[in-house]
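As stored in work-v1.pdb (PDB, C-alpha atoms and all ligand atoms):
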```
ATOM      1  CA  MET A   1      75.336  64.734  56.875  1.00  0.00           C
ATOM      2  CA  THR A   2      75.988  65.410  53.186  1.00  0.00           C
ATOM      3  CA  PRO A   3      77.395  62.348  51.449  1.00  0.00           C
ATOM      4  CA  GLN A   4      81.074  62.493  50.527  1.00  0.00           C
ATOM      5  CA  ARG A   5      81.715  63.897  47.058  1.00  0.00           C
ATOM      6  CA  THR A   6      83.395  61.527  44.651  1.00  0.00           C
ATOM      7  CA  ALA A   7      85.973  61.954  41.916  1.00  0.00           C
ATOM      8  CA  VAL A   8      87.552  59.819  39.222  1.00  0.00           C
ATOM      9  CA  VAL A   9      91.081  60.577  38.067  1.00  0.00           C
ATOM     10  CA  THR A  10      92.406  58.688  35.044  1.00  0.00           C
ATOM     11  CA  GLY A  11      96.118  58.248  34.524  1.00  0.00           C
ATOM     12  CA  ALA A  12      96.435  58.339  38.307  1.00  0.00           C
ATOM     13  CA  SER A  13      99.519  56.110  38.455  1.00  0.00           C
ATOM     14  CA  SER A  14     101.999  58.985  38.200  1.00  0.00           C
ATOM     15  CA  GLY A  15     102.613  62.657  37.507  1.00  0.00           C
ATOM     16  CA  ILE A  16      99.703  65.073  37.285  1.00  0.00           C
ATOM     17  CA  GLY A  17      97.165  62.277  37.770  1.00  0.00           C
ATOM     18  CA  ALA A  18      98.630  61.010  41.048  1.00  0.00           C
ATOM     19  CA  ALA A  19      99.086  64.554  42.346  1.00  0.00           C
ATOM     20  CA  THR A  20      95.487  65.374  41.405  1.00  0.00           C
ATOM     21  CA  ALA A  21      94.166  62.321  43.236  1.00  0.00           C
ATOM     22  CA  ARG A  22      96.038  63.501  46.349  1.00  0.00           C
ATOM     23  CA  ALA A  23      94.847  67.087  45.990  1.00  0.00           C
ATOM     24  CA  LEU A  24      91.197  66.094  45.567  1.00  0.00           C
ATOM     25  CA  ALA A  25      91.412  63.697  48.515  1.00  0.00           C
ATOM     26  CA  ALA A  26      92.806  66.570  50.583  1.00  0.00           C
ATOM     27  CA  GLU A  27      89.705  68.560  49.578  1.00  0.00           C
ATOM     28  CA  GLY A  28      87.517  65.780  50.981  1.00  0.00           C
ATOM     29  CA  PHE A  29      86.714  63.820  47.822  1.00  0.00           C
ATOM     30  CA  ARG A  30      86.593  60.057  47.758  1.00  0.00           C
ATOM     31  CA  VAL A  31      88.834  59.423  44.765  1.00  0.00           C
ATOM     32  CA  PHE A  32      88.717  56.544  42.318  1.00  0.00           C
ATOM     33  CA  CYS A  33      92.298  56.267  41.066  1.00  0.00           C
ATOM     34  CA  ALA A  34      92.191  54.772  37.591  1.00  0.00           C
ATOM     35  CA  ALA A  35      95.189  53.613  35.561  1.00  0.00           C
ATOM     36  CA  ARG A  36      96.618  50.547  33.918  1.00  0.00           C
ATOM     37  CA  ARG A  37      99.321  49.934  36.514  1.00  0.00           C
ATOM     38  CA  LEU A  38      97.385  48.444  39.397  1.00  0.00           C
ATOM     39  CA  GLU A  39     100.231  48.240  41.912  1.00  0.00           C
ATOM     40  CA  ARG A  40     100.878  51.958  41.699  1.00  0.00           C
ATOM     41  CA  ILE A  41      97.263  53.000  42.081  1.00  0.00           C
ATOM     42  CA  GLU A  42      96.685  50.541  44.902  1.00  0.00           C
ATOM     43  CA  ALA A  43      99.480  52.191  46.860  1.00  0.00           C
ATOM     44  CA  LEU A  44      98.066  55.630  46.078  1.00  0.00           C
ATOM     45  CA  ALA A  45      94.514  54.617  46.987  1.00  0.00           C
ATOM     46  CA  ASP A  46      95.783  53.209  50.303  1.00  0.00           C
ATOM     47  CA  GLU A  47      97.589  56.462  50.994  1.00  0.00           C
ATOM     48  CA  ILE A  48      94.587  58.715  50.334  1.00  0.00           C
ATOM     49  CA  GLY A  49      91.746  56.452  51.424  1.00  0.00           C
ATOM     50  CA  GLY A  50      90.455  56.088  47.869  1.00  0.00           C
ATOM     51  CA  GLU A  51      89.725  53.237  45.489  1.00  0.00           C
ATOM     52  CA  ALA A  52      92.042  51.768  42.868  1.00  0.00           C
ATOM     53  CA  VAL A  53      90.446  50.723  39.586  1.00  0.00           C
ATOM     54  CA  ALA A  54      92.557  49.139  36.862  1.00  0.00           C
ATOM     55  CA  CYS A  55      91.572  50.884  33.653  1.00  0.00           C
ATOM     56  CA  ASP A  56      92.917  51.341  30.163  1.00  0.00           C
ATOM     57  CA  VAL A  57      90.989  54.330  28.809  1.00  0.00           C
ATOM     58  CA  THR A  58      91.499  53.157  25.234  1.00  0.00           C
ATOM     59  CA  ASP A  59      89.695  49.888  25.911  1.00  0.00           C
ATOM     60  CA  ALA A  60      85.882  50.033  25.925  1.00  0.00           C
ATOM     61  CA  ALA A  61      85.434  46.985  28.157  1.00  0.00           C
ATOM     62  CA  SER A  62      87.940  48.330  30.645  1.00  0.00           C
ATOM     63  CA  VAL A  63      86.155  51.696  30.719  1.00  0.00           C
ATOM     64  CA  ALA A  64      82.832  49.925  31.273  1.00  0.00           C
ATOM     65  CA  GLY A  65      84.459  48.253  34.293  1.00  0.00           C
ATOM     66  CA  LEU A  66      85.444  51.666  35.635  1.00  0.00           C
ATOM     67  CA  ALA A  67      81.876  52.929  35.300  1.00  0.00           C
ATOM     68  CA  GLU A  68      80.630  49.868  37.133  1.00  0.00           C
ATOM     69  CA  ALA A  69      83.119  50.369  39.965  1.00  0.00           C
ATOM     70  CA  VAL A  70      82.092  54.025  40.323  1.00  0.00           C
ATOM     71  CA  GLY A  71      78.394  53.251  40.578  1.00  0.00           C
ATOM     72  CA  ASP A  72      75.371  55.502  40.204  1.00  0.00           C
ATOM     73  CA  THR A  73      76.714  58.926  41.081  1.00  0.00           C
ATOM     74  CA  LEU A  74      79.890  60.859  40.496  1.00  0.00           C
ATOM     75  CA  HIS A  75      80.754  64.517  41.070  1.00  0.00           C
ATOM     76  CA  VAL A  76      84.089  65.048  39.339  1.00  0.00           C
ATOM     77  CA  LEU A  77      85.757  63.329  36.411  1.00  0.00           C
ATOM     78  CA  VAL A  78      89.343  64.324  35.661  1.00  0.00           C
ATOM     79  CA  ASN A  79      90.303  62.967  32.250  1.00  0.00           C
ATOM     80  CA  ASN A  80      94.042  63.072  32.746  1.00  0.00           C
ATOM     81  CA  ALA A  81      95.281  59.917  30.984  1.00  0.00           C
ATOM     82  CA  GLY A  82      97.249  60.988  27.937  1.00  0.00           C
ATOM     83  CA  GLY A  83     100.681  61.534  26.588  1.00  0.00           C
ATOM     84  CA  ALA A  84     103.032  62.215  23.733  1.00  0.00           C
ATOM     85  CA  PHE A  85     104.765  59.497  21.734  1.00  0.00           C
ATOM     86  CA  GLY A  86     107.604  60.527  19.454  1.00  0.00           C
ATOM     87  CA  SER A  87     108.945  63.830  18.203  1.00  0.00           C
ATOM     88  CA  ASP A  88     109.489  63.218  14.498  1.00  0.00           C
ATOM     89  CA  PRO A  89     108.558  65.827  11.927  1.00  0.00           C
ATOM     90  CA  VAL A  90     105.407  65.431   9.887  1.00  0.00           C
ATOM     91  CA  ALA A  91     107.495  64.312   6.900  1.00  0.00           C
ATOM     92  CA  THR A  92     108.682  61.152   8.632  1.00  0.00           C
ATOM     93  CA  ALA A  93     106.462  60.602  11.691  1.00  0.00           C
ATOM     94  CA  ASP A  94     105.116  57.145  12.370  1.00  0.00           C
ATOM     95  CA  PRO A  95     101.330  57.068  11.795  1.00  0.00           C
ATOM     96  CA  GLU A  96     101.053  54.425  14.511  1.00  0.00           C
ATOM     97  CA  GLN A  97     102.376  56.912  17.077  1.00  0.00           C
ATOM     98  CA  TRP A  98      99.886  59.506  15.873  1.00  0.00           C
ATOM     99  CA  ARG A  99      97.099  56.931  16.118  1.00  0.00           C
ATOM    100  CA  ALA A 100      98.154  56.039  19.659  1.00  0.00           C
ATOM    101  CA  MET A 101      98.166  59.715  20.680  1.00  0.00           C
ATOM    102  CA  TYR A 102      94.711  60.298  19.222  1.00  0.00           C
ATOM    103  CA  ASP A 103      93.553  57.112  20.875  1.00  0.00           C
ATOM    104  CA  VAL A 104      94.557  58.019  24.413  1.00  0.00           C
ATOM    105  CA  ASN A 105      94.242  61.831  24.388  1.00  0.00           C
ATOM    106  CA  VAL A 106      90.969  62.082  22.469  1.00  0.00           C
ATOM    107  CA  LEU A 107      89.173  58.755  22.212  1.00  0.00           C
ATOM    108  CA  GLY A 108      90.137  57.778  25.756  1.00  0.00           C
ATOM    109  CA  THR A 109      88.680  61.019  27.049  1.00  0.00           C
ATOM    110  CA  LEU A 110      85.615  60.453  24.892  1.00  0.00           C
ATOM    111  CA  GLN A 111      85.021  56.893  26.080  1.00  0.00           C
ATOM    112  CA  VAL A 112      85.471  57.616  29.771  1.00  0.00           C
ATOM    113  CA  THR A 113      83.268  60.702  29.542  1.00  0.00           C
ATOM    114  CA  GLN A 114      80.523  58.791  27.747  1.00  0.00           C
ATOM    115  CA  ALA A 115      80.638  55.989  30.313  1.00  0.00           C
ATOM    116  CA  LEU A 116      80.506  58.295  33.339  1.00  0.00           C
ATOM    117  CA  LEU A 117      78.109  60.990  32.121  1.00  0.00           C
ATOM    118  CA  PRO A 118      75.027  59.246  33.551  1.00  0.00           C
ATOM    119  CA  ALA A 119      76.637  59.170  37.018  1.00  0.00           C
ATOM    120  CA  LEU A 120      77.797  62.795  36.719  1.00  0.00           C
ATOM    121  CA  ARG A 121      74.273  63.810  35.728  1.00  0.00           C
ATOM    122  CA  ALA A 122      72.769  61.794  38.577  1.00  0.00           C
ATOM    123  CA  SER A 123      74.900  63.643  41.139  1.00  0.00           C
ATOM    124  CA  GLY A 124      73.062  66.854  40.286  1.00  0.00           C
ATOM    125  CA  ASP A 125      76.392  68.706  40.336  1.00  0.00           C
ATOM    126  CA  GLY A 126      78.951  67.150  38.022  1.00  0.00           C
ATOM    127  CA  LEU A 127      82.224  68.370  36.557  1.00  0.00           C
ATOM    128  CA  VAL A 128      84.166  67.023  33.602  1.00  0.00           C
ATOM    129  CA  LEU A 129      87.693  68.389  33.721  1.00  0.00           C
ATOM    130  CA  ASN A 130      89.916  67.477  30.814  1.00  0.00           C
ATOM    131  CA  VAL A 131      93.672  67.793  31.031  1.00  0.00           C
ATOM    132  CA  GLY A 132      94.697  69.343  27.725  1.00  0.00           C
ATOM    133  CA  SER A 133      97.935  71.148  27.024  1.00  0.00           C
ATOM    134  CA  THR A 134      99.384  74.335  25.648  1.00  0.00           C
ATOM    135  CA  ALA A 135     100.107  71.946  22.758  1.00  0.00           C
ATOM    136  CA  GLY A 136      96.375  72.235  22.130  1.00  0.00           C
ATOM    137  CA  ARG A 137      96.773  75.964  21.483  1.00  0.00           C
ATOM    138  CA  ILE A 138      99.702  76.169  19.084  1.00  0.00           C
ATOM    139  CA  ALA A 139     101.869  74.130  16.703  1.00  0.00           C
ATOM    140  CA  TYR A 140     105.559  73.418  17.145  1.00  0.00           C
ATOM    141  CA  GLU A 141     108.166  71.535  15.159  1.00  0.00           C
ATOM    142  CA  GLY A 142     108.257  67.839  15.919  1.00  0.00           C
ATOM    143  CA  GLY A 143     105.067  68.078  17.928  1.00  0.00           C
ATOM    144  CA  GLY A 144     102.568  67.467  15.132  1.00  0.00           C
ATOM    145  CA  GLY A 145     100.898  64.304  16.398  1.00  0.00           C
ATOM    146  CA  TYR A 146     100.694  65.513  19.972  1.00  0.00           C
ATOM    147  CA  THR A 147      99.536  69.035  19.121  1.00  0.00           C
ATOM    148  CA  ALA A 148      96.884  67.581  16.798  1.00  0.00           C
ATOM    149  CA  ALA A 149      95.659  65.267  19.549  1.00  0.00           C
ATOM    150  CA  LYS A 150      95.601  67.975  22.230  1.00  0.00           C
ATOM    151  CA  HIS A 151      93.766  70.321  19.873  1.00  0.00           C
ATOM    152  CA  GLY A 152      91.307  67.432  19.659  1.00  0.00           C
ATOM    153  CA  THR A 153      91.014  67.311  23.455  1.00  0.00           C
ATOM    154  CA  GLN A 154      90.283  71.027  23.465  1.00  0.00           C
ATOM    155  CA  VAL A 155      87.589  70.829  20.815  1.00  0.00           C
ATOM    156  CA  LEU A 156      85.986  67.816  22.472  1.00  0.00           C
ATOM    157  CA  THR A 157      85.818  69.847  25.687  1.00  0.00           C
ATOM    158  CA  GLU A 158      84.274  72.891  24.007  1.00  0.00           C
ATOM    159  CA  THR A 159      81.740  70.783  22.152  1.00  0.00           C
ATOM    160  CA  LEU A 160      80.712  68.935  25.298  1.00  0.00           C
ATOM    161  CA  ARG A 161      80.207  72.240  27.145  1.00  0.00           C
ATOM    162  CA  LEU A 162      77.866  73.417  24.409  1.00  0.00           C
ATOM    163  CA  GLU A 163      75.971  70.155  24.325  1.00  0.00           C
ATOM    164  CA  LEU A 164      75.501  69.937  28.099  1.00  0.00           C
ATOM    165  CA  CYS A 165      74.433  73.569  28.534  1.00  0.00           C
ATOM    166  CA  GLY A 166      71.355  73.533  30.758  1.00  0.00           C
ATOM    167  CA  GLU A 167      72.403  70.371  32.575  1.00  0.00           C
ATOM    168  CA  PRO A 168      73.971  70.322  36.043  1.00  0.00           C
ATOM    169  CA  ILE A 169      77.413  69.447  34.674  1.00  0.00           C
ATOM    170  CA  ARG A 170      80.317  71.843  34.321  1.00  0.00           C
ATOM    171  CA  VAL A 171      82.935  71.261  31.637  1.00  0.00           C
ATOM    172  CA  SER A 172      86.492  72.569  31.989  1.00  0.00           C
ATOM    173  CA  GLU A 173      89.896  72.176  30.443  1.00  0.00           C
ATOM    174  CA  ILE A 174      93.239  72.829  32.060  1.00  0.00           C
ATOM    175  CA  ALA A 175      96.071  73.394  29.587  1.00  0.00           C
ATOM    176  CA  PRO A 176      99.492  73.081  31.222  1.00  0.00           C
ATOM    177  CA  GLY A 177     102.709  74.199  29.554  1.00  0.00           C
ATOM    178  CA  MET A 178     106.068  72.948  30.745  1.00  0.00           C
ATOM    179  CA  VAL A 179     105.601  70.549  33.642  1.00  0.00           C
ATOM    180  CA  ARG A 180     108.465  68.381  34.795  1.00  0.00           C
ATOM    181  CA  THR A 181     107.049  64.988  35.746  1.00  0.00           C
ATOM    182  CA  GLU A 182     108.754  61.652  36.168  1.00  0.00           C
ATOM    183  CA  GLU A 183     107.455  60.165  32.913  1.00  0.00           C
ATOM    184  CA  PHE A 184     106.008  62.571  30.327  1.00  0.00           C
ATOM    185  CA  SER A 185     109.159  63.466  28.409  1.00  0.00           C
ATOM    186  CA  THR A 186     110.830  60.103  28.966  1.00  0.00           C
ATOM    187  CA  VAL A 187     107.843  58.390  27.361  1.00  0.00           C
ATOM    188  CA  ARG A 188     107.773  60.957  24.554  1.00  0.00           C
ATOM    189  CA  PHE A 189     111.387  60.262  23.670  1.00  0.00           C
ATOM    190  CA  GLY A 190     111.055  56.487  23.962  1.00  0.00           C
ATOM    191  CA  GLY A 191     113.104  56.224  27.169  1.00  0.00           C
ATOM    192  CA  ASP A 192     115.948  58.501  26.016  1.00  0.00           C
ATOM    193  CA  GLN A 193     116.663  60.226  29.329  1.00  0.00           C
ATOM    194  CA  GLU A 194     119.170  62.649  27.830  1.00  0.00           C
ATOM    195  CA  LYS A 195     116.612  64.014  25.377  1.00  0.00           C
ATOM    196  CA  ALA A 196     113.999  64.103  28.115  1.00  0.00           C
ATOM    197  CA  ASP A 197     116.273  66.062  30.449  1.00  0.00           C
ATOM    198  CA  ALA A 198     117.170  68.509  27.666  1.00  0.00           C
ATOM    199  CA  VAL A 199     113.549  69.719  27.603  1.00  0.00           C
ATOM    200  CA  TYR A 200     113.970  71.210  31.083  1.00  0.00           C
ATOM    201  CA  ALA A 201     117.700  72.022  30.910  1.00  0.00           C
ATOM    202  CA  GLY A 202     118.485  75.336  32.553  1.00  0.00           C
ATOM    203  CA  VAL A 203     114.824  76.229  33.101  1.00  0.00           C
ATOM    204  CA  PRO A 204     114.857  77.747  36.584  1.00  0.00           C
ATOM    205  CA  ASP A 205     111.594  76.238  37.792  1.00  0.00           C
ATOM    206  CA  PRO A 206     109.431  74.181  35.486  1.00  0.00           C
ATOM    207  CA  LEU A 207     105.987  73.477  36.911  1.00  0.00           C
ATOM    208  CA  VAL A 208     105.668  70.269  38.882  1.00  0.00           C
ATOM    209  CA  ALA A 209     102.671  67.947  39.004  1.00  0.00           C
ATOM    210  CA  GLU A 210     101.502  69.463  42.298  1.00  0.00           C
ATOM    211  CA  ASP A 211     101.193  72.918  40.705  1.00  0.00           C
ATOM    212  CA  VAL A 212      98.759  71.589  38.133  1.00  0.00           C
ATOM    213  CA  ALA A 213      96.919  69.452  40.679  1.00  0.00           C
ATOM    214  CA  ASP A 214      96.478  72.518  42.866  1.00  0.00           C
ATOM    215  CA  ALA A 215      94.821  74.356  39.965  1.00  0.00           C
ATOM    216  CA  ILE A 216      92.613  71.354  39.191  1.00  0.00           C
ATOM    217  CA  ALA A 217      91.484  71.169  42.813  1.00  0.00           C
ATOM    218  CA  TRP A 218      90.736  74.908  42.666  1.00  0.00           C
ATOM    219  CA  ILE A 219      88.561  74.464  39.574  1.00  0.00           C
ATOM    220  CA  ALA A 220      86.783  71.515  41.196  1.00  0.00           C
ATOM    221  CA  THR A 221      86.008  73.414  44.375  1.00  0.00           C
ATOM    222  CA  ARG A 222      84.483  76.578  42.851  1.00  0.00           C
ATOM    223  CA  PRO A 223      80.806  77.052  43.608  1.00  0.00           C
ATOM    224  CA  SER A 224      78.552  74.970  41.347  1.00  0.00           C
ATOM    225  CA  HIS A 225      77.493  77.900  39.178  1.00  0.00           C
ATOM    226  CA  VAL A 226      81.097  78.827  38.324  1.00  0.00           C
ATOM    227  CA  ASN A 227      82.423  77.117  35.194  1.00  0.00           C
ATOM    228  CA  VAL A 228      86.117  77.687  34.574  1.00  0.00           C
ATOM    229  CA  ASP A 229      86.081  77.085  30.814  1.00  0.00           C
ATOM    230  CA  GLU A 230      89.820  76.842  30.410  1.00  0.00           C
ATOM    231  CA  LEU A 231      92.901  77.545  32.423  1.00  0.00           C
ATOM    232  CA  VAL A 232      96.323  77.854  30.781  1.00  0.00           C
ATOM    233  CA  ILE A 233      99.133  77.364  33.295  1.00  0.00           C
ATOM    234  CA  ARG A 234     102.861  77.671  32.659  1.00  0.00           C
ATOM    235  CA  PRO A 235     106.018  78.234  34.639  1.00  0.00           C
ATOM    236  CA  ARG A 236     107.118  81.858  34.916  1.00  0.00           C
ATOM    237  CA  ALA A 237     110.118  80.967  32.752  1.00  0.00           C
ATOM    238  CA  GLN A 238     107.899  79.984  29.814  1.00  0.00           C
ATOM    239  CA  ALA A 239     106.205  83.048  28.369  1.00  0.00           C
ATOM    240  CA  ALA A 240     105.126  81.092  25.304  1.00  0.00           C
ATOM    241  CA  GLN A 241     105.808  77.680  23.770  1.00  0.00           C
ATOM    242  CA  HIS A 242     108.998  78.921  22.075  1.00  0.00           C
ATOM    243  CA  LYS A 243     109.916  81.589  24.605  1.00  0.00           C
ATOM    244  CA  VAL A 244     111.610  79.772  27.462  1.00  0.00           C
ATOM    245  CA  HIS A 245     114.117  81.389  29.795  1.00  0.00           C
ATOM    246  CA  ARG A 246     117.134  79.132  30.455  1.00  0.00           C
ATOM    247  CA  VAL A 247     120.119  79.892  32.652  1.00  0.00           C
TER     248      VAL A 247
HETATM  249  C1  LIG A 301     103.002  69.254  27.466  1.00  0.00           C
HETATM  250  C2  LIG A 301     103.378  70.611  27.014  1.00  0.00           C
HETATM  251  O1  LIG A 301     105.170  71.868  25.709  1.00  0.00           O
HETATM  252  O2  LIG A 301     105.403  69.477  25.784  1.00  0.00           O
HETATM  253  O3  LIG A 301     101.663  68.977  27.338  1.00  0.00           O
HETATM  254  O4  LIG A 301     103.696  70.466  24.446  1.00  0.00           O
HETATM  255  S1  LIG A 301     104.443  70.572  25.681  1.00  0.00           S
END
```

Show this structure as structure tokens.
Amino acid sequence: MTPQRTAVVTGASSGIGAATARALAAEGFRVFCAARRLERIEALADEIGGEAVACDVTDAASVAGLAEAVGDTLHVLVNNAGGAFGSDPVATADPEQWRAMYDVNVLGTLQVTQALLPALRASGDGLVLNVGSTAGRIAYEGGGGYTAAKHGTQVLTETLRLELCGEPIRVSEIAPGMVRTEEFSTVRFGGDQEKADAVYAGVPDPLVAEDVADAIAWIATRPSHVNVDELVIRPRAQAAQHKVHRV
């Protein structure tokens, strides 16, 4: 019997991360659900027969703990932990918010990838799948810190693919556009639910976390020689960042 394939999903406590953990479990993976909020990931791990690992991706010691919990081999790493903090223009944005966005979206991805690369290599068939954003493809007003960070995620991904060429590790990025999740926009606007709701107002069908998770599971289940470099995914109503159909 072939041993069960394993996956790590960071930011698994909600949204795209939680949906991805469920989707990969449904594909037969044993999933390590990593996030800071232990209660949430324990419930998820119970539900899907996975493991909960408390992890703050911006903390090196915490990431080392994740690597230890995972052990010697790993097939799939989904670097999903990330987020946007604030929406101020460049002229007045808080550098601390920019630092925090770079920290989680870029350095978090870097640290977790570095810590788990040996296990991915040891599996003989690894995949690093970074959750970027359409914000990593374009600039928009008020998005400076987030777009800069997600451009960073994209470049990190491309660089890693070049550097690992010849090794048994695929490197992919998924770049979602408008996805309505329970927390993303609320966190971005510091808990202002009205502003958060306005993002999706009148949009017939924004993507939901499950749509993105479905695409991630698809990437992760292609044959080993197939590397999906990048996959941009948006709702039908969003033809481009500034071109959103609202009713
Ligand atoms: C989220 C997409 O449009 O808020 O990563 O930048 S957007």

Give the centre and edge lengths of an axis-aligned box, in Å to one decimal, that holds all listed atoms of ligand LIG 301 (chain A) with 4 Å on each side, as AutoDock Vina command-line options.
```
--center_x 103.5 --center_y 70.4 --center_z 26.0 --size_x 11.7 --size_y 10.9 --size_z 11.0
```

### Task
Please write the residues picked by the PyMOL selection byres (((chain A and resi 82-95) around 7) and not hetatm) on this file as a ChimeraX atom specification.
/A:80-81,96-99,101,104-105,141-144,146,184,187-190

### Residues matched by the PyMOL selection byres (((not hetatm)) within 6 of (chain A and resi 301)), written as a PyMOL selection string
chain A and resi 133-135+177-178

### Query
Exactly which residues make up the result of the PyMOL selection byres (((chain A and resi 204) around 9) and not hetatm) on this file, given as a ChimeraX atom specification?
/A:200-203,205-206,236-237,245-247

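Counting from CA of Gln154 (chain A), the distance to CA of Ala209 (chain A) is 20.1 Å.
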
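Rounded to one decimal, CA of Asn227 (chain A) and CA of Leu117 (chain A) lie 17.0 Å from each other.
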
## Note on the structure
Expressed in Å, the length from CA of Ala149 (chain A) to CA of Gly108 (chain A) is 11.2 Å

#### Entry: Long-range neighbours of Val78 (chain A) as number ranges by chain, 10 Å cut-off, all atoms listed in the file, 6 positions minimum in chain
A: 7-12, 17, 20-21, 109, 112-113, 127-131, 172-173, 216, 220
